[in-house]
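Shown next, in C-alpha cells, is the structure this report addresses.
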Amino acid sequence: MDTVGLVTGRTAGQATVAATYRGQQATATVAVTEEDALRIASGQAHQGDFTPGSTVTMWLQGYYSVASAETGRLSLRIADQSGMVTTTPALTVAKGGNFFLLSATFVVPHNSVEVCRTAVLEVGSVTIAESPSDVSGLRCIPIRR
C-alpha cells in the first residue's frame, strides 16, 4: 500500500492490508488474481482548442497487468466517428502490472464530431481495450465548430 492508500497486487495470492487513520484501525483480506487486464483511471486530461484543423493533445492514465506472457504491448488510440485518427507507437511492458500515462498529439480532422481515446493492451494474440463509450464523458471530446 502506498501513502495514499492504494493497494497494488504484484502476484497472485492473499494479503492482509492494515490501515490507520486518525486513531482508527482496520484490516481487510485482499485476494489478488493474475490476469491480463487493462483498467482506465478517471481524471483523463486534454489540451488544446478542439476545433477542426487544430493541434491538440490527449492523455489517458490507468493500470495494466500482463500475466499470460513475458511481455505485452501498450498503446493509445485516438478515433472519431470515421475511424482511427492516430495511434501511439506501442510500448513494450513486462510481465506483472504497473500504472501508465500515455499521450498523443494530433491534428483534429475537419469532419470530426468528437475524438475519443482508449488504451489498448496486446498480449500474444489477445487485444484488450476498454471502449470509449463506457465512460464517453471522460474519454471523448466534442469538436467545436
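So you can find residues: chains in the C-alpha cells are A, B, ... in the order shown, residues in each start at 1, and ligands are numbered from 1 in order.
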
#### Entry: Polymer residues at most 12 Å from A:Val66, only C-alpha atoms, same-chain spacing of 3 or more positions, as a PyMOL selection string
chain A and resi 10-11+33-38+63+69-74+92-99+121-124+126-128

### Query
What are the DSSP strand (DSSP E or B) residues of stretch 15-89 of chain A, as a ChimeraX atom specification?
/A:15-21,24-32,37-40,46-47,55-80,83-87

Could you please take those selected residues and save C-alpha atoms as an mmCIF file, in the first residue's frame?
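Written file, out.cif:
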```cif
data_model
loop_
_atom_site.group_PDB
_atom_site.id
_atom_site.type_symbol
_atom_site.label_atom_id
_atom_site.label_comp_id
_atom_site.auth_asym_id
_atom_site.auth_seq_id
_atom_site.Cartn_x
_atom_site.Cartn_y
_atom_site.Cartn_z
ATOM 1 C CA ALA A 15 -2.680 -10.455 1.683
ATOM 2 C CA THR A 16 -3.940 -8.718 4.764
ATOM 3 C CA VAL A 17 -3.945 -4.958 4.488
ATOM 4 C CA ALA A 18 -3.926 -2.839 7.636
ATOM 5 C CA ALA A 19 -4.651 0.868 7.764
ATOM 6 C CA THR A 20 -4.689 3.512 10.486
ATOM 7 C CA TYR A 21 -6.309 6.923 10.171
ATOM 8 C CA GLN A 24 -8.892 4.317 13.858
ATOM 9 C CA GLN A 25 -7.549 0.974 12.679
ATOM 10 C CA ALA A 26 -8.920 -1.540 10.208
ATOM 11 C CA THR A 27 -7.752 -4.640 8.374
ATOM 12 C CA ALA A 28 -9.001 -6.395 5.268
ATOM 13 C CA THR A 29 -8.005 -9.521 3.394
ATOM 14 C CA VAL A 30 -7.395 -8.873 -0.282
ATOM 15 C CA ALA A 31 -7.402 -11.623 -2.926
ATOM 16 C CA VAL A 32 -5.075 -10.946 -5.851
ATOM 17 C CA ALA A 37 -6.060 -6.657 -17.686
ATOM 18 C CA LEU A 38 -6.400 -3.004 -18.518
ATOM 19 C CA ARG A 39 -8.144 -0.509 -16.253
ATOM 20 C CA ILE A 40 -8.596 3.130 -17.115
ATOM 21 C CA HIS A 46 -6.535 17.051 -22.722
ATOM 22 C CA GLN A 47 -5.063 20.277 -24.018
ATOM 23 C CA THR A 55 -3.335 20.585 -32.946
ATOM 24 C CA VAL A 56 -4.341 19.044 -29.610
ATOM 25 C CA THR A 57 -3.027 16.586 -27.027
ATOM 26 C CA MET A 58 -4.967 13.897 -25.172
ATOM 27 C CA TRP A 59 -3.725 11.859 -22.190
ATOM 28 C CA LEU A 60 -5.020 8.632 -20.677
ATOM 29 C CA GLN A 61 -3.908 7.016 -17.453
ATOM 30 C CA GLY A 62 -4.634 3.704 -15.830
ATOM 31 C CA TYR A 63 -3.215 0.363 -14.785
ATOM 32 C CA TYR A 64 -2.185 -2.669 -16.854
ATOM 33 C CA SER A 65 -1.447 -6.265 -15.903
ATOM 34 C CA VAL A 66 0.321 -8.869 -18.044
ATOM 35 C CA ALA A 67 0.072 -12.422 -16.681
ATOM 36 C CA SER A 68 -0.096 -14.858 -19.615
ATOM 37 C CA ALA A 69 3.156 -13.831 -21.369
ATOM 38 C CA GLU A 70 6.540 -12.319 -20.586
ATOM 39 C CA THR A 71 5.640 -9.020 -22.265
ATOM 40 C CA GLY A 72 2.730 -7.089 -23.712
ATOM 41 C CA ARG A 73 2.316 -4.016 -25.920
ATOM 42 C CA LEU A 74 0.514 -0.914 -24.659
ATOM 43 C CA SER A 75 -0.656 1.954 -26.870
ATOM 44 C CA LEU A 76 -3.082 4.864 -27.014
ATOM 45 C CA ARG A 77 -5.612 5.064 -29.848
ATOM 46 C CA ILE A 78 -7.498 8.202 -30.845
ATOM 47 C CA ALA A 79 -10.565 7.769 -33.068
ATOM 48 C CA ASP A 80 -13.529 9.761 -34.332
ATOM 49 C CA GLY A 83 -12.329 5.653 -37.624
ATOM 50 C CA MET A 84 -8.740 5.877 -36.418
ATOM 51 C CA VAL A 85 -7.166 9.335 -36.129
ATOM 52 C CA THR A 86 -3.824 8.288 -34.610
ATOM 53 C CA THR A 87 -2.166 5.548 -32.554
#
```

### Backbone-only DSSP, alpha helix (DSSP H) members of chain A, as number ranges by chain
A: 136-139

### Task
Work out how far atom CA of A:Val120 is from atom CA of A:Gln14, in Å to one decimal.
28.3 Å

### Query
Of the candidates A:Ile143, A:Gly23, A:Glu130, A:Ala12, which one gets nearest to A:Val113 if we count only C-alpha atoms?
A:Ile143

### Message
One decimal, in Å: what's the spacing between atom CA of A:Val115 and atom CA of A:Cys140?
### Response
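Going from atom CA of A:Val115 over to atom CA of A:Cys140, I get 5.5 Å.
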
### Message
What does the structure give for the distance between atom CA of A:Ser103 and atom CA of A:Ala129, in Å to one decimal?
### Response
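Computed distance, atom CA of A:Ser103 to atom CA of A:Ala129, equals 15.9 Å.
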